[in-house]
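Printed here is work05.cif (mmCIF, C-alpha atoms):
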data_target
loop_
_atom_site.group_PDB
_atom_site.id
_atom_site.type_symbol
_atom_site.label_atom_id
_atom_site.label_comp_id
_atom_site.auth_asym_id
_atom_site.auth_seq_id
_atom_site.Cartn_x
_atom_site.Cartn_y
_atom_site.Cartn_z
ATOM 1 C CA MET P 1 -20.222 5.692 1.869
ATOM 2 C CA ALA P 2 -16.909 7.155 0.789
ATOM 3 C CA CYS P 3 -16.345 4.454 -1.814
ATOM 4 C CA ASP P 4 -19.651 5.211 -3.558
ATOM 5 C CA THR P 5 -19.645 8.962 -3.993
ATOM 6 C CA ALA P 6 -18.356 10.732 -7.079
ATOM 7 C CA LYS P 7 -17.952 14.056 -5.299
ATOM 8 C CA ILE P 8 -14.702 14.968 -3.583
ATOM 9 C CA GLU P 9 -15.263 16.783 -0.330
ATOM 10 C CA PRO P 10 -12.777 17.787 2.371
ATOM 11 C CA ARG P 11 -12.522 15.600 5.433
ATOM 12 C CA LYS P 12 -14.964 16.538 8.172
ATOM 13 C CA GLU P 13 -13.447 18.555 10.945
ATOM 14 C CA VAL P 14 -13.316 16.674 14.204
ATOM 15 C CA GLU P 15 -14.317 18.692 17.258
ATOM 16 C CA ALA P 16 -11.179 20.127 18.779
ATOM 17 C CA LYS P 17 -10.650 18.568 22.171
ATOM 18 C CA ALA P 18 -6.900 18.101 22.137
ATOM 19 C CA SER P 19 -4.680 20.086 24.439
ATOM 20 C CA VAL P 20 -2.321 22.757 23.149
ATOM 21 C CA GLN P 21 0.565 20.381 23.873
ATOM 22 C CA THR P 22 -0.952 17.679 21.663
ATOM 23 C CA GLN P 23 -1.654 20.187 18.897
ATOM 24 C CA GLU P 24 1.944 21.359 18.940
ATOM 25 C CA LYS P 25 3.139 17.764 18.750
ATOM 26 C CA ASP P 26 0.874 17.087 15.763
ATOM 27 C CA LYS P 27 2.259 20.085 13.886
ATOM 28 C CA LYS P 28 5.706 18.512 13.991
ATOM 29 C CA MET P 29 4.548 15.124 12.679
ATOM 30 C CA SER P 30 4.995 14.237 9.019
ATOM 31 C CA SER P 31 1.942 13.074 7.094
ATOM 32 C CA SER P 32 4.161 10.614 5.204
ATOM 33 C CA LEU P 33 5.566 7.326 6.427
ATOM 34 C CA VAL P 34 8.202 7.209 3.684
ATOM 35 C CA LEU P 35 11.691 6.530 5.121
ATOM 36 C CA GLN P 36 10.141 5.816 8.520
ATOM 37 C CA LYS P 37 9.629 2.618 10.482
ATOM 38 C CA VAL P 38 6.032 1.591 9.935
ATOM 39 C CA PRO P 39 3.718 1.264 12.942
ATOM 40 C CA GLU P 40 3.446 -2.041 14.749
ATOM 41 C CA PHE P 41 -0.017 -3.601 14.644
ATOM 42 C CA SER P 42 -2.063 -6.662 15.491
ATOM 43 C CA MET P 43 -5.593 -7.483 14.325
ATOM 44 C CA ASP P 44 -8.087 -10.141 13.388
ATOM 45 C CA ALA P 45 -8.184 -11.149 9.737
ATOM 46 C CA TYR P 46 -9.810 -13.406 7.186
ATOM 47 C CA ASP P 47 -7.489 -15.703 5.232
ATOM 48 C CA ALA P 48 -9.269 -16.178 1.903
ATOM 49 C CA LYS P 49 -6.848 -18.894 0.813
ATOM 50 C CA THR P 50 -7.836 -21.200 3.676
ATOM 51 C CA GLY P 51 -11.328 -19.828 4.282
ATOM 52 C CA HIS P 52 -10.591 -19.396 8.000
ATOM 53 C CA TYR P 53 -10.304 -16.520 10.428
ATOM 54 C CA THR P 54 -6.821 -15.773 11.682
ATOM 55 C CA LYS P 55 -4.714 -13.107 13.359
ATOM 56 C CA VAL P 56 -2.072 -10.977 11.712
ATOM 57 C CA SER P 57 0.539 -8.665 13.139
ATOM 58 C CA SER P 58 3.523 -6.653 12.024
ATOM 59 C CA GLU P 59 5.688 -9.422 13.514
ATOM 60 C CA ASP P 60 4.521 -11.753 10.718
ATOM 61 C CA TYR P 61 6.196 -9.544 8.114
ATOM 62 C CA LYS P 62 9.520 -8.760 9.759
ATOM 63 C CA GLY P 63 12.458 -9.387 7.455
ATOM 64 C CA LYS P 64 10.211 -9.495 4.368
ATOM 65 C CA TRP P 65 9.215 -7.171 1.595
ATOM 66 C CA HIS P 66 5.500 -6.536 2.101
ATOM 67 C CA VAL P 67 2.655 -4.229 1.200
ATOM 68 C CA VAL P 68 -0.115 -3.031 3.487
ATOM 69 C CA CYS P 69 -3.000 -1.986 1.271
ATOM 70 C CA PHE P 70 -5.968 -0.137 2.787
ATOM 71 C CA TYR P 71 -9.342 0.138 1.041
ATOM 72 C CA PRO P 72 -12.536 1.907 2.177
ATOM 73 C CA ALA P 73 -15.093 -0.870 2.619
ATOM 74 C CA ASP P 74 -16.427 -4.295 1.748
ATOM 75 C CA PHE P 75 -19.521 -4.508 -0.477
ATOM 76 C CA THR P 76 -18.648 -1.381 -2.432
ATOM 77 C CA PHE P 77 -17.717 -0.975 -6.077
ATOM 78 C CA VAL P 78 -14.146 0.132 -6.775
ATOM 79 C CA CYS P 79 -12.767 -1.924 -3.866
ATOM 80 C CA PRO P 80 -13.411 -5.421 -5.278
ATOM 81 C CA THR P 81 -11.814 -4.407 -8.586
ATOM 82 C CA GLU P 82 -8.613 -3.436 -6.777
ATOM 83 C CA ILE P 83 -8.569 -6.559 -4.621
ATOM 84 C CA ALA P 84 -9.166 -8.783 -7.658
ATOM 85 C CA ALA P 85 -6.374 -7.040 -9.576
ATOM 86 C CA MET P 86 -3.893 -7.569 -6.722
ATOM 87 C CA ASN P 87 -4.995 -11.191 -6.484
ATOM 88 C CA ALA P 88 -4.447 -11.689 -10.225
ATOM 89 C CA LYS P 89 -0.797 -10.724 -9.696
ATOM 90 C CA TYR P 90 -0.473 -12.729 -6.473
ATOM 91 C CA ASP P 91 1.962 -15.286 -7.907
ATOM 92 C CA GLU P 92 4.196 -12.555 -9.353
ATOM 93 C CA PHE P 93 4.375 -10.840 -5.972
ATOM 94 C CA LYS P 94 5.191 -14.160 -4.305
ATOM 95 C CA GLU P 95 8.024 -14.776 -6.802
ATOM 96 C CA LEU P 96 9.458 -11.434 -5.702
ATOM 97 C CA GLY P 97 9.125 -12.450 -2.045
ATOM 98 C CA VAL P 98 6.468 -9.826 -1.384
ATOM 99 C CA GLU P 99 3.686 -10.494 1.136
ATOM 100 C CA ILE P 100 0.335 -8.730 0.667
ATOM 101 C CA LEU P 101 -2.020 -7.613 3.432
ATOM 102 C CA ALA P 102 -5.270 -5.891 2.524
ATOM 103 C CA VAL P 103 -7.010 -3.923 5.295
ATOM 104 C CA SER P 104 -10.356 -2.196 5.784
ATOM 105 C CA THR P 105 -12.351 -1.093 8.806
ATOM 106 C CA ASP P 106 -14.884 -3.895 8.309
ATOM 107 C CA THR P 107 -15.004 -6.907 10.635
ATOM 108 C CA LYS P 108 -13.535 -10.305 9.798
ATOM 109 C CA PHE P 109 -17.115 -11.582 9.455
ATOM 110 C CA SER P 110 -17.856 -8.957 6.808
ATOM 111 C CA HIS P 111 -14.653 -9.881 4.964
ATOM 112 C CA LYS P 112 -15.686 -13.533 4.817
ATOM 113 C CA ARG P 113 -19.133 -12.768 3.477
ATOM 114 C CA PHE P 114 -17.727 -10.242 1.002
ATOM 115 C CA VAL P 115 -15.299 -12.791 -0.444
ATOM 116 C CA GLU P 116 -17.972 -15.483 -0.588
ATOM 117 C CA THR P 117 -20.538 -13.355 -2.446
ATOM 118 C CA GLU P 118 -18.577 -11.049 -4.791
ATOM 119 C CA PRO P 119 -17.915 -12.833 -8.140
ATOM 120 C CA LEU P 120 -14.709 -10.874 -8.755
ATOM 121 C CA LEU P 121 -13.204 -12.360 -5.606
ATOM 122 C CA LYS P 122 -13.645 -16.003 -6.568
ATOM 123 C CA GLY P 123 -10.371 -17.831 -5.919
ATOM 124 C CA LEU P 124 -9.015 -15.039 -3.713
ATOM 125 C CA LYS P 125 -5.678 -15.876 -2.061
ATOM 126 C CA LEU P 126 -5.168 -12.723 -0.020
ATOM 127 C CA THR P 127 -5.454 -12.142 3.708
ATOM 128 C CA ILE P 128 -7.709 -9.241 4.699
ATOM 129 C CA GLY P 129 -7.107 -7.512 8.019
ATOM 130 C CA ALA P 130 -10.074 -6.315 10.096
ATOM 131 C CA ASP P 131 -9.664 -2.857 11.643
ATOM 132 C CA PRO P 132 -13.169 -1.994 12.945
ATOM 133 C CA THR P 133 -11.843 0.420 15.568
ATOM 134 C CA GLY P 134 -9.704 2.252 12.991
ATOM 135 C CA THR P 135 -6.606 1.839 15.153
ATOM 136 C CA VAL P 136 -4.365 0.566 12.353
ATOM 137 C CA SER P 137 -5.804 2.973 9.774
ATOM 138 C CA ARG P 138 -5.058 5.896 12.076
ATOM 139 C CA ALA P 139 -1.542 4.639 12.757
ATOM 140 C CA PHE P 140 -0.864 4.667 9.002
ATOM 141 C CA GLY P 141 -2.516 8.092 8.593
ATOM 142 C CA VAL P 142 -5.338 7.011 6.261
ATOM 143 C CA MET P 143 -8.428 7.097 8.487
ATOM 144 C CA ILE P 144 -11.344 9.230 7.274
ATOM 145 C CA GLU P 145 -12.635 10.503 10.585
ATOM 146 C CA GLY P 146 -16.393 10.863 10.780
ATOM 147 C CA GLU P 147 -16.932 8.146 8.172
ATOM 148 C CA GLY P 148 -15.281 5.168 9.820
ATOM 149 C CA GLN P 149 -13.443 4.209 6.646
ATOM 150 C CA ALA P 150 -9.890 4.335 5.312
ATOM 151 C CA LEU P 151 -8.557 6.120 2.276
ATOM 152 C CA ARG P 152 -6.952 4.055 -0.484
ATOM 153 C CA GLY P 153 -3.508 3.865 1.071
ATOM 154 C CA ARG P 154 -0.808 1.516 -0.202
ATOM 155 C CA PHE P 155 2.505 1.180 1.646
ATOM 156 C CA LEU P 156 5.536 -0.736 0.343
ATOM 157 C CA ILE P 157 7.775 -1.811 3.207
ATOM 158 C CA ASN P 158 11.289 -3.243 2.945
ATOM 159 C CA PRO P 159 12.724 -6.114 5.044
ATOM 160 C CA ASP P 160 14.015 -3.597 7.608
ATOM 161 C CA GLY P 161 10.472 -2.391 8.274
ATOM 162 C CA ILE P 162 11.024 0.927 6.498
ATOM 163 C CA CYS P 163 8.348 2.317 4.202
ATOM 164 C CA VAL P 164 9.983 3.083 0.843
ATOM 165 C CA ALA P 165 6.855 4.073 -1.087
ATOM 166 C CA GLN P 166 3.333 5.126 -0.270
ATOM 167 C CA GLU P 167 0.353 6.038 -2.394
ATOM 168 C CA VAL P 168 -2.784 7.555 -0.867
ATOM 169 C CA GLN P 169 -5.875 8.401 -2.877
ATOM 170 C CA ALA P 170 -9.453 9.514 -2.329
ATOM 171 C CA PRO P 171 -11.916 6.618 -2.655
ATOM 172 C CA MET P 172 -13.439 7.251 -6.079
ATOM 173 C CA VAL P 173 -10.518 6.091 -8.284
ATOM 174 C CA GLY P 174 -8.809 2.705 -8.134
ATOM 175 C CA ARG P 175 -5.055 2.109 -8.207
ATOM 176 C CA ASN P 176 -2.964 0.412 -10.892
ATOM 177 C CA VAL P 177 -1.504 -2.924 -9.817
ATOM 178 C CA ASN P 178 0.794 -3.142 -12.872
ATOM 179 C CA GLU P 179 2.418 0.163 -11.988
ATOM 180 C CA PHE P 180 2.786 -0.934 -8.392
ATOM 181 C CA LEU P 181 4.415 -4.206 -9.461
ATOM 182 C CA ARG P 182 6.849 -2.191 -11.597
ATOM 183 C CA GLN P 183 7.714 -0.040 -8.592
ATOM 184 C CA VAL P 184 8.340 -3.114 -6.430
ATOM 185 C CA LYS P 185 10.815 -4.479 -8.989
ATOM 186 C CA ALA P 186 12.532 -1.106 -9.222
ATOM 187 C CA TRP P 187 12.832 -0.764 -5.446
ATOM 188 C CA GLN P 188 14.205 -4.249 -5.068
ATOM 189 C CA HIS P 189 16.778 -3.620 -7.811
ATOM 190 C CA ALA P 190 17.820 -0.277 -6.336
ATOM 191 C CA SER P 191 18.092 -1.754 -2.848
ATOM 192 C CA LYS P 192 20.240 -4.620 -4.096
ATOM 193 C CA THR P 193 22.584 -2.722 -6.426
ATOM 194 C CA GLY P 194 22.735 0.817 -5.068
ATOM 195 C CA GLU P 195 21.848 2.092 -8.531
ATOM 196 C CA VAL P 196 18.901 4.447 -9.038
ATOM 197 C CA CYS P 197 16.030 3.851 -11.435
ATOM 198 C CA PRO P 198 14.817 6.534 -13.835
ATOM 199 C CA ALA P 199 11.149 7.223 -14.505
ATOM 200 C CA GLY P 200 9.277 4.188 -15.841
ATOM 201 C CA TRP P 201 12.192 1.816 -15.218
ATOM 202 C CA ARG P 202 11.567 -1.872 -15.793
ATOM 203 C CA PRO P 203 13.948 -4.859 -15.516
ATOM 204 C CA GLY P 204 16.321 -4.884 -18.473
ATOM 205 C CA LYS P 205 16.206 -1.133 -18.955
ATOM 206 C CA LYS P 206 19.042 1.273 -18.212
ATOM 207 C CA THR P 207 19.609 2.382 -14.627
ATOM 208 C CA LEU P 208 21.651 5.362 -13.430
ATOM 209 C CA PRO P 209 24.863 4.105 -11.793
ATOM 210 C CA VAL P 210 25.347 7.145 -9.575
ATOM 211 C CA ASN P 211 26.781 4.881 -6.892
ATOM 212 C CA THR P 212 29.959 4.635 -9.020
ATOM 213 C CA ASP P 213 29.786 7.540 -11.510
ATOM 214 C CA VAL P 214 28.110 10.328 -9.566
ATOM 215 C CA GLU P 215 30.545 13.125 -10.505
ATOM 216 C CA PRO P 216 30.673 12.547 -14.287
ATOM 217 C CA MET P 217 26.884 12.191 -14.402
ATOM 218 C CA THR P 218 26.059 15.310 -12.381
ATOM 219 C CA GLY P 219 24.228 17.737 -14.649
ATOM 220 C CA LYS P 220 24.695 15.386 -17.612
ATOM 221 C CA VAL P 221 22.004 12.719 -17.144
ATOM 222 C CA GLY P 222 20.731 13.483 -20.649
ATOM 223 C CA GLU P 223 24.078 12.375 -22.087
ATOM 224 C CA TYR P 224 23.628 8.964 -20.483
ATOM 225 C CA ILE P 225 19.918 8.320 -21.069
ATOM 226 C CA SER P 226 17.546 9.880 -23.604
ATOM 227 C CA LEU P 227 13.913 10.866 -23.161
ATOM 228 C CA ASP P 228 12.942 8.239 -25.745
ATOM 229 C CA GLU P 229 14.646 5.568 -23.613
ATOM 230 C CA ILE P 230 12.815 6.812 -20.530
ATOM 231 C CA LEU P 231 9.419 6.725 -22.243
ATOM 232 C CA SER P 232 9.912 3.502 -24.199
#
With the file now loaded, output its structure as structure tokens.
Amino acid sequence: MACDTAKIEPRKEVEAKASVQTQEKDKKMSSSLVLQKVPEFSMDAYDAKTGHYTKVSSEDYKGKWHVVCFYPADFTFVCPTEIAAMNAKYDEFKELGVEILAVSTDTKFSHKRFVETEPLLKGLKLTIGADPTGTVSRAFGVMIEGEGQALRGRFLINPDGICVAQEVQAPMVGRNVNEFLRQVKAWQHASKTGEVCPAGWRPGKKTLPVNTDVEPMTGKVGEYISLDEILS
């Protein structure tokens, strides 16, 4: 399984059956969802907080900050560490008004058993979407064709349904929830104030007020903020 291997290999080529017209259309499509409306979706899910099966759809998240977080598979090794890390920060995300939806291509039945048996997932509060046909994974551009699993894709979506940040990785390395939480805070601040956030920005640190001082700051960012401030 993709989540278990330590060797990075290119995606398997799918037999070419598409028409020339479809191929031309695909060439024009961006591989990134950033600054685009995210796809609409609907799927079965397992709500770990209640212990019951449910349904989730993109309609549930309209008007809210939310993250759709794909992982390769249940009953693997890196995946439960990521899910547990997101769950550990669940209350912080809720304080920020951010909803979390985890998704893999496993069934809702697999999700339930996975949560019930994996020690790291004890006390899980997240909802896990079931995408066994790969429809949602394909819509978000993270499906590994030929393996039936999704890449590690994480999409931060604003209340207008626009993706403002995405991170996609091969399966062998897990993502950093603390860094993602920092990015959420930065995006929310930037969206609210119109200011921009330098590298590594955290609440309380200096932003770049280009919304009011764009001309004096052009070419002179280093006079406003130092490298030590950026890295501190």
Distance in Å - atom CA of P:Leu151 versus atom CA of P:Lys112 =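 Result for atom CA of P:Leu151 versus atom CA of P:Lys112: 21.1 Å, one decimal.
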task = Any chance you could resolve the PyMOL selection byres ((chain P and resi 140) around 9) against this file and give the residues as a list in words?
result = Ser32, Leu33, Val38, Pro39, Thr135, Val136, Ser137, Arg138, Ala139, Gly141, Val142, Met143, Gly153 and Phe155 of chain P
ask   = Neighbours of P:Ala150 within 12 Å (all atoms listed in the file; same-chain residues fewer than 4 positions away dropped), as a PyMOL selection string?
value = chain P and resi 1-3+11+69-74+79+102-106+130-146+154+168-171
Can you write just those residues out, C-alpha atoms, as a PDB file, in the frame of the given file?
ATOM      1  CA  MET P   1     -20.222   5.692   1.869  1.00  0.00           C
ATOM      2  CA  ALA P   2     -16.909   7.155   0.789  1.00  0.00           C
ATOM      3  CA  CYS P   3     -16.345   4.454  -1.814  1.00  0.00           C
ATOM      4  CA  ARG P  11     -12.522  15.600   5.433  1.00  0.00           C
ATOM      5  CA  CYS P  69      -3.000  -1.986   1.271  1.00  0.00           C
ATOM      6  CA  PHE P  70      -5.968  -0.137   2.787  1.00  0.00           C
ATOM      7  CA  TYR P  71      -9.342   0.138   1.041  1.00  0.00           C
ATOM      8  CA  PRO P  72     -12.536   1.907   2.177  1.00  0.00           C
ATOM      9  CA  ALA P  73     -15.093  -0.870   2.619  1.00  0.00           C
ATOM     10  CA  ASP P  74     -16.427  -4.295   1.748  1.00  0.00           C
ATOM     11  CA  CYS P  79     -12.767  -1.924  -3.866  1.00  0.00           C
ATOM     12  CA  ALA P 102      -5.270  -5.891   2.524  1.00  0.00           C
ATOM     13  CA  VAL P 103      -7.010  -3.923   5.295  1.00  0.00           C
ATOM     14  CA  SER P 104     -10.356  -2.196   5.784  1.00  0.00           C
ATOM     15  CA  THR P 105     -12.351  -1.093   8.806  1.00  0.00           C
ATOM     16  CA  ASP P 106     -14.884  -3.895   8.309  1.00  0.00           C
ATOM     17  CA  ALA P 130     -10.074  -6.315  10.096  1.00  0.00           C
ATOM     18  CA  ASP P 131      -9.664  -2.857  11.643  1.00  0.00           C
ATOM     19  CA  PRO P 132     -13.169  -1.994  12.945  1.00  0.00           C
ATOM     20  CA  THR P 133     -11.843   0.420  15.568  1.00  0.00           C
ATOM     21  CA  GLY P 134      -9.704   2.252  12.991  1.00  0.00           C
ATOM     22  CA  THR P 135      -6.606   1.839  15.153  1.00  0.00           C
ATOM     23  CA  VAL P 136      -4.365   0.566  12.353  1.00  0.00           C
ATOM     24  CA  SER P 137      -5.804   2.973   9.774  1.00  0.00           C
ATOM     25  CA  ARG P 138      -5.058   5.896  12.076  1.00  0.00           C
ATOM     26  CA  ALA P 139      -1.542   4.639  12.757  1.00  0.00           C
ATOM     27  CA  PHE P 140      -0.864   4.667   9.002  1.00  0.00           C
ATOM     28  CA  GLY P 141      -2.516   8.092   8.593  1.00  0.00           C
ATOM     29  CA  VAL P 142      -5.338   7.011   6.261  1.00  0.00           C
ATOM     30  CA  MET P 143      -8.428   7.097   8.487  1.00  0.00           C
ATOM     31  CA  ILE P 144     -11.344   9.230   7.274  1.00  0.00           C
ATOM     32  CA  GLU P 145     -12.635  10.503  10.585  1.00  0.00           C
ATOM     33  CA  GLY P 146     -16.393  10.863  10.780  1.00  0.00           C
ATOM     34  CA  ARG P 154      -0.808   1.516  -0.202  1.00  0.00           C
ATOM     35  CA  VAL P 168      -2.784   7.555  -0.867  1.00  0.00           C
ATOM     36  CA  GLN P 169      -5.875   8.401  -2.877  1.00  0.00           C
ATOM     37  CA  ALA P 170      -9.453   9.514  -2.329  1.00  0.00           C
ATOM     38  CA  PRO P 171     -11.916   6.618  -2.655  1.00  0.00           C
TER      39      PRO P 171
END
ask   = Closest to P:Arg202 among P:Glu40, P:Glu229, P:Glu118, P:Glu147, using only C-alpha atoms?
value =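 The shortest atom-to-atom distance to P:Arg202 comes from P:Glu229.
Between P:Leu124 and the residues P:Asn87, P:Ser57, P:Thr218, P:Ser42, the shortest atom-to-atom distance, using all atoms listed in the file, involves P:Asn87.
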Mind running stretch 74-182 of chain P against stretch 187-198 of chain P at 10 Å and telling me each contacting residue's nearest atom pair with the distance in Å (one decimal), counting only C-alpha atoms, chain and number ascending, as JSON lines?
{"residue": "P:Leu96", "atom": "CA", "partner": "P:Gln188", "partner_atom": "CA", "distance": 8.6}
{"residue": "P:Leu156", "atom": "CA", "partner": "P:Trp187", "partner_atom": "CA", "distance": 9.3}
{"residue": "P:Asn158", "atom": "CA", "partner": "P:Gln188", "partner_atom": "CA", "distance": 8.6}
{"residue": "P:Val164", "atom": "CA", "partner": "P:Trp187", "partner_atom": "CA", "distance": 7.9}
{"residue": "P:Ala165", "atom": "CA", "partner": "P:Trp187", "partner_atom": "CA", "distance": 8.8}
{"residue": "P:Leu181", "atom": "CA", "partner": "P:Trp187", "partner_atom": "CA", "distance": 9.9}
{"residue": "P:Arg182", "atom": "CA", "partner": "P:Trp187", "partner_atom": "CA", "distance": 8.7}
inquiry  = Please compute the atom CA of P:Phe109-atom CA of P:Phe75 distance, one decimal, in Å.
reply    =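 Going from atom CA of P:Phe109 over to atom CA of P:Phe75 covers 12.4 Å.
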task = Mind giving me the straight-line distance from atom CA of P:Lys62 to atom CA of P:Gln36 in Å, one decimal?
result = 14.6 Å
task = Evaluate the PyMOL selection byres ((chain P and resi 55) around 12) here and jot the selected residues down as a list of chain:residue names.
result =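 On this input, the PyMOL selection byres ((chain P and resi 55) around 12) captures P:Phe41, P:Ser42, P:Met43, P:Asp44, P:Ala45, P:Tyr46, P:Asp47, P:His52, P:Tyr53, P:Thr54, P:Val56, P:Ser57, P:Ser58, P:Glu59, P:Asp60, P:Leu101, P:Lys108, P:Thr127, P:Ile128, P:Gly129, P:Ala130, P:Asp131.
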request  = Excluding P:Val98 and any residue of its chain fewer than 5 positions from it, enumerate the residues within 12 Å of it, using all atoms listed in the file, and give them as JSON, numbers by chain.
outcome  = {"P": [61, 62, 63, 64, 65, 66, 67, 68, 86, 89, 90, 91, 92, 93, 156, 157, 158, 159, 180, 181, 184, 185, 187, 188]}
query = Selected by the PyMOL selection byres ((chain P and resi 174) around 7) in the shown coordinates: which residues, as a ChimeraX atom specification?
reply = /P:78,82,172-173,175-176
query = Of the residues P:Gly200, P:Pro216, P:Gly97, P:Gly222, which is the one nearest to P:Asn178, using all atoms listed in the file?
reply = P:Gly200
key: Residues near P:Leu121, cut-off 9 Å, only C-alpha atoms, skip fewer than 2 positions along chain, as a list in words   =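 Listing them by chain and then by number gives Pro80, Thr81, Ile83, Ala84, Asn87, Phe114, Val115, Glu116, Thr117, Glu118, Pro119, Gly123 and Leu124 of chain P.
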message = For a quick check of understanding, using all atoms listed in the file, which of P:Val177, P:Phe77, P:Ala48, P:Val221 has the smallest distance to P:Leu126?
response =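 The closest residue to P:Leu126 is P:Ala48.
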Take stretch 196-203 of chain P, model all heavy atoms, and hand the result over as a PDB file, in the frame of the given file.
ATOM      1  N   VAL P 196      20.205   3.795  -9.114  1.00  0.00           N
ATOM      2  CA  VAL P 196      18.901   4.447  -9.038  1.00  0.00           C
ATOM      3  C   VAL P 196      18.169   4.229 -10.352  1.00  0.00           C
ATOM      4  O   VAL P 196      18.788   4.078 -11.409  1.00  0.00           O
ATOM      5  CB  VAL P 196      19.021   5.950  -8.707  1.00  0.00           C
ATOM      6  CG1 VAL P 196      19.617   6.130  -7.328  1.00  0.00           C
ATOM      7  CG2 VAL P 196      19.855   6.684  -9.746  1.00  0.00           C
ATOM      8  N   CYS P 197      16.852   4.199 -10.277  1.00  0.00           N
ATOM      9  CA  CYS P 197      16.030   3.851 -11.435  1.00  0.00           C
ATOM     10  C   CYS P 197      15.315   5.077 -11.976  1.00  0.00           C
ATOM     11  O   CYS P 197      14.583   5.738 -11.237  1.00  0.00           O
ATOM     12  CB  CYS P 197      15.001   2.785 -11.041  1.00  0.00           C
ATOM     13  SG  CYS P 197      15.730   1.261 -10.409  1.00  0.00           S
ATOM     14  N   PRO P 198      15.497   5.385 -13.249  1.00  0.00           N
ATOM     15  CA  PRO P 198      14.817   6.534 -13.835  1.00  0.00           C
ATOM     16  C   PRO P 198      13.313   6.284 -13.957  1.00  0.00           C
ATOM     17  O   PRO P 198      12.825   5.182 -13.711  1.00  0.00           O
ATOM     18  CB  PRO P 198      15.468   6.655 -15.222  1.00  0.00           C
ATOM     19  CG  PRO P 198      15.928   5.272 -15.537  1.00  0.00           C
ATOM     20  CD  PRO P 198      16.329   4.664 -14.223  1.00  0.00           C
ATOM     21  N   ALA P 199      12.601   7.322 -14.350  1.00  0.00           N
ATOM     22  CA  ALA P 199      11.149   7.223 -14.505  1.00  0.00           C
ATOM     23  C   ALA P 199      10.779   6.066 -15.429  1.00  0.00           C
ATOM     24  O   ALA P 199      11.396   5.870 -16.478  1.00  0.00           O
ATOM     25  CB  ALA P 199      10.590   8.533 -15.062  1.00  0.00           C
ATOM     26  N   GLY P 200       9.770   5.273 -15.007  1.00  0.00           N
ATOM     27  CA  GLY P 200       9.277   4.188 -15.841  1.00  0.00           C
ATOM     28  C   GLY P 200      10.185   2.991 -15.953  1.00  0.00           C
ATOM     29  O   GLY P 200       9.943   2.102 -16.775  1.00  0.00           O
ATOM     30  N   TRP P 201      11.227   2.913 -15.106  1.00  0.00           N
ATOM     31  CA  TRP P 201      12.192   1.816 -15.218  1.00  0.00           C
ATOM     32  C   TRP P 201      11.524   0.461 -15.059  1.00  0.00           C
ATOM     33  O   TRP P 201      10.651   0.259 -14.226  1.00  0.00           O
ATOM     34  CB  TRP P 201      13.283   1.959 -14.167  1.00  0.00           C
ATOM     35  CG  TRP P 201      14.340   0.891 -14.258  1.00  0.00           C
ATOM     36  CD1 TRP P 201      15.481   0.942 -14.999  1.00  0.00           C
ATOM     37  CD2 TRP P 201      14.355  -0.381 -13.604  1.00  0.00           C
ATOM     38  NE1 TRP P 201      16.214  -0.218 -14.852  1.00  0.00           N
ATOM     39  CE2 TRP P 201      15.532  -1.060 -13.992  1.00  0.00           C
ATOM     40  CE3 TRP P 201      13.478  -1.025 -12.730  1.00  0.00           C
ATOM     41  CZ2 TRP P 201      15.869  -2.326 -13.536  1.00  0.00           C
ATOM     42  CZ3 TRP P 201      13.802  -2.295 -12.273  1.00  0.00           C
ATOM     43  CH2 TRP P 201      14.983  -2.931 -12.683  1.00  0.00           C
ATOM     44  N   ARG P 202      11.974  -0.478 -15.890  1.00  0.00           N
ATOM     45  CA  ARG P 202      11.567  -1.872 -15.793  1.00  0.00           C
ATOM     46  C   ARG P 202      12.818  -2.742 -15.913  1.00  0.00           C
ATOM     47  O   ARG P 202      13.824  -2.301 -16.467  1.00  0.00           O
ATOM     48  CB  ARG P 202      10.583  -2.248 -16.910  1.00  0.00           C
ATOM     49  CG  ARG P 202       9.276  -1.487 -16.888  1.00  0.00           C
ATOM     50  CD  ARG P 202       8.290  -2.038 -17.917  1.00  0.00           C
ATOM     51  NE  ARG P 202       8.839  -2.079 -19.264  1.00  0.00           N
ATOM     52  CZ  ARG P 202       8.877  -1.043 -20.107  1.00  0.00           C
ATOM     53  NH1 ARG P 202       8.384   0.132 -19.722  1.00  0.00           N
ATOM     54  NH2 ARG P 202       9.403  -1.161 -21.313  1.00  0.00           N
ATOM     55  N   PRO P 203      12.780  -3.976 -15.407  1.00  0.00           N
ATOM     56  CA  PRO P 203      13.948  -4.859 -15.516  1.00  0.00           C
ATOM     57  C   PRO P 203      14.433  -4.969 -16.958  1.00  0.00           C
ATOM     58  O   PRO P 203      13.635  -5.119 -17.889  1.00  0.00           O
ATOM     59  CB  PRO P 203      13.402  -6.206 -15.018  1.00  0.00           C
ATOM     60  CG  PRO P 203      12.339  -5.832 -14.047  1.00  0.00           C
ATOM     61  CD  PRO P 203      11.683  -4.613 -14.640  1.00  0.00           C
TER      62      PRO P 203
END
